[in-house]
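Engineer: Below is a structure I'd like to ask you about.
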Protein chains: 2
Amino acid sequence: MAAPLHVTFSAGSTGSWRIERMGPVIGDGLPLAERLAVIEHRRPEPCGAVWSLRGTTSHTRYTTRPETGALEAKQQGLGRAQATCAALIPIRKSETWWALAQDERRAILEEQSHHIAIGLEYLPGVSRRLHHSRELGEAFDFLTWFEFAPEHAAGFDEMLVRLRATAEWGYVEREVEIRLSRV
Amino acid sequence: MAAPLHVTFSAGSTGSWRIERMGPVIGDGLPLAERLAVIEHRRPEPCGAVWSLRGTTSHTRYTTRPETGALEAKQQGLGRAQATCAALIPIRKSETWWALAQDERRAILEEQSHHIAIGLEYLPGVSRRLHHSRELGEAFDFLTWFEFAPEHAAGFDEMLVRLRATAEWGYVEREVEIRLSRV
């Protein structure tokens, strides 16, 4: 368990990821840009960013020990040579979601929506890192970053369709999808 | 459920709370100061602070719906005229704690340590606001702010003794206690 890592996703004309396509899924989108820079450890951000989103990694909030064990046994890290495709999906959930108690949120997320179980099916092809933004005063609550090889892109698309059809997604009030390829 | 509130606790020569006494409970303390300013909404901080600690309020992380209901039925807010005593207790938990899964942390916090149940016993005399600091890159994980009338000070002291004797407190690796009175 590492200390929280601060990450800034900065869109503009520089960065090692090319934005192939981007658009709103629910609610407002974000301004179009050509490139995305992923900046860790609060290093300086590029000048002239079109938009910047900030978040930090953190401890898990819902996964039980058996689920954590299953995830850790299958998942792989970021930065794999073959993982030339990426996606950044900023999400904001409603005030109704945040007013729920822990057991209510857990029940919707997993027992009803199988969020953890669905994600597990797409490991190790799709790597994932979740960043929390809500406590940073950002416009989104979460920024999820995914990396995968081109042959796993169809599976990734399928995973998004399944997650977006869940009861949990009824609490998502803003979602943007940004698809990228490594330059 | 309000949006997260950013709060800075700034110790120095100004502020509406006088520091009556302060010292380390576990691990390193903090430099002594005379006054504490509680600054909400990212308003400007006083110049020449001896130390500043930052955190944000957030959604609950462990309480179930019945527990949330019991807390909400008994608790009172900050700023009561008779609540002229306060305490700020910054805490950092160990990496071992943060590496535990959600169900493991919940079991230690409540089923083993009765953290929520103990706190409930001292409502409404003791008001409380929890601030999360870990994801802000701060030295502490939590800053808990308490307000109470002088006649509840003994009860507050008793509550601290009971909490510090729990299994959960075995995961606390730094704790400072700062006791204050309203100027």
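Labels used: A, B, ... for chains in the order of the structure tokens, numbers from 1 for residues in each chain, and numbers from 1 for ligands as shown.
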Would you return as an NGL selection string the members of range 45-181 of chain B that DSSP assigns to helix (DSSP H, G or I) on this structure's backbone?

Structural biologist: :B and (65-74 or 95-99 or 102-112 or 115-121 or 134-136 or 150-164 or 168-171)

Engineer: Which residues come within 9 Å of range 46-55 of chain B, counting only C-alpha atoms, excluding same-chain residues fewer than 2 positions away, as a count of residues only?

Structural biologist: 33

Engineer: Taking into account only C-alpha atoms, which residue in the set B:Ala86, B:Lys74, B:Asp28, B:Glu34 is nearest to Asp157 in chain B?

Structural biologist: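 Counting only C-alpha atoms, the residue closest to Asp157 in chain B is B:Ala86.
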
Engineer: Which residues are near Gly79 in chain B? Cut-off 12 Å, only C-alpha atoms, ignore same chain within fewer than 6 positions. Put them as a PyMOL selection string.

Structural biologist: chain B and resi 16+38+85-86+126-129+145-149+182

Engineer: Do you have, as CSV, the list of residues of range 5-62 of chain A lying at most 12 Å from range 158-175 of chain A, each with its nearest atom pair and that distance in Å to one decimal, counting only C-alpha atoms and ordered by chain then number?

Structural biologist:
```
residue,atom,partner,partner_atom,distance
A:Met22,CA,A:Glu175,CA,11.0
A:Gly23,CA,A:Glu175,CA,9.0
A:Pro24,CA,A:Glu175,CA,6.2
A:Val25,CA,A:Glu175,CA,5.2
A:Ile26,CA,A:Arg174,CA,4.8
A:Gly27,CA,A:Arg174,CA,4.7
A:Asp28,CA,A:Arg174,CA,6.7
A:Gly29,CA,A:Glu175,CA,7.7
A:Leu30,CA,A:Glu175,CA,9.9
```

Engineer: Could you save the residues just selected, with all heavy atoms, as an mmCIF file, in the first residue's frame?

Structural biologist:
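The result, written out as selection24.cif:
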```cif
data_model
loop_
_atom_site.group_PDB
_atom_site.id
_atom_site.type_symbol
_atom_site.label_atom_id
_atom_site.label_comp_id
_atom_site.auth_asym_id
_atom_site.auth_seq_id
_atom_site.Cartn_x
_atom_site.Cartn_y
_atom_site.Cartn_z
ATOM 1 N N MET A 22 -12.903 12.013 -27.935
ATOM 2 C CA MET A 22 -13.389 12.326 -26.590
ATOM 3 C C MET A 22 -14.780 12.921 -26.697
ATOM 4 O O MET A 22 -15.126 13.560 -27.685
ATOM 5 C CB MET A 22 -12.443 13.276 -25.852
ATOM 6 C CG MET A 22 -12.196 14.617 -26.508
ATOM 7 S SD MET A 22 -11.101 15.684 -25.520
ATOM 8 C CE MET A 22 -12.230 16.209 -24.208
ATOM 9 N N GLY A 23 -15.583 12.707 -25.670
ATOM 10 C CA GLY A 23 -16.923 13.271 -25.692
ATOM 11 C C GLY A 23 -17.672 12.956 -24.416
ATOM 12 O O GLY A 23 -17.268 12.090 -23.639
ATOM 13 N N PRO A 24 -18.786 13.661 -24.194
ATOM 14 C CA PRO A 24 -19.587 13.432 -22.994
ATOM 15 C C PRO A 24 -20.370 12.124 -23.095
ATOM 16 O O PRO A 24 -20.804 11.739 -24.177
ATOM 17 C CB PRO A 24 -20.542 14.623 -22.973
ATOM 18 C CG PRO A 24 -20.656 15.037 -24.401
ATOM 19 C CD PRO A 24 -19.347 14.713 -25.058
ATOM 20 N N VAL A 25 -20.516 11.445 -21.976
ATOM 21 C CA VAL A 25 -21.385 10.266 -21.896
ATOM 22 C C VAL A 25 -22.673 10.666 -21.169
ATOM 23 O O VAL A 25 -23.760 10.353 -21.595
ATOM 24 C CB VAL A 25 -20.675 9.113 -21.151
ATOM 25 C CG1 VAL A 25 -21.572 7.883 -21.052
ATOM 26 C CG2 VAL A 25 -19.353 8.766 -21.833
ATOM 27 N N ILE A 26 -22.500 11.383 -20.050
ATOM 28 C CA ILE A 26 -23.624 11.930 -19.286
ATOM 29 C C ILE A 26 -23.233 13.356 -18.896
ATOM 30 O O ILE A 26 -22.137 13.575 -18.379
ATOM 31 C CB ILE A 26 -23.879 11.115 -17.997
ATOM 32 C CG1 ILE A 26 -24.144 9.633 -18.316
ATOM 33 C CG2 ILE A 26 -25.040 11.706 -17.195
ATOM 34 C CD1 ILE A 26 -24.156 8.734 -17.087
ATOM 35 N N GLY A 27 -24.099 14.321 -19.148
ATOM 36 C CA GLY A 27 -23.810 15.703 -18.755
ATOM 37 C C GLY A 27 -22.803 16.378 -19.675
ATOM 38 O O GLY A 27 -22.568 15.918 -20.801
ATOM 39 N N ASP A 28 -22.199 17.443 -19.165
ATOM 40 C CA ASP A 28 -21.291 18.256 -19.971
ATOM 41 C C ASP A 28 -19.997 17.532 -20.304
ATOM 42 O O ASP A 28 -19.452 16.810 -19.462
ATOM 43 C CB ASP A 28 -20.935 19.542 -19.225
ATOM 44 C CG ASP A 28 -22.128 20.491 -19.124
ATOM 45 O OD1 ASP A 28 -23.054 20.350 -19.948
ATOM 46 O OD2 ASP A 28 -22.112 21.361 -18.240
ATOM 47 N N GLY A 29 -19.471 17.793 -21.489
ATOM 48 C CA GLY A 29 -18.176 17.258 -21.888
ATOM 49 C C GLY A 29 -17.044 18.150 -21.413
ATOM 50 O O GLY A 29 -17.197 18.938 -20.474
ATOM 51 N N LEU A 30 -15.903 18.016 -22.073
ATOM 52 C CA LEU A 30 -14.728 18.847 -21.789
ATOM 53 C C LEU A 30 -14.235 19.393 -23.127
ATOM 54 O O LEU A 30 -14.448 18.768 -24.170
ATOM 55 C CB LEU A 30 -13.617 18.000 -21.147
ATOM 56 C CG LEU A 30 -13.810 17.580 -19.694
ATOM 57 C CD1 LEU A 30 -12.810 16.493 -19.317
ATOM 58 C CD2 LEU A 30 -13.644 18.790 -18.762
#
```
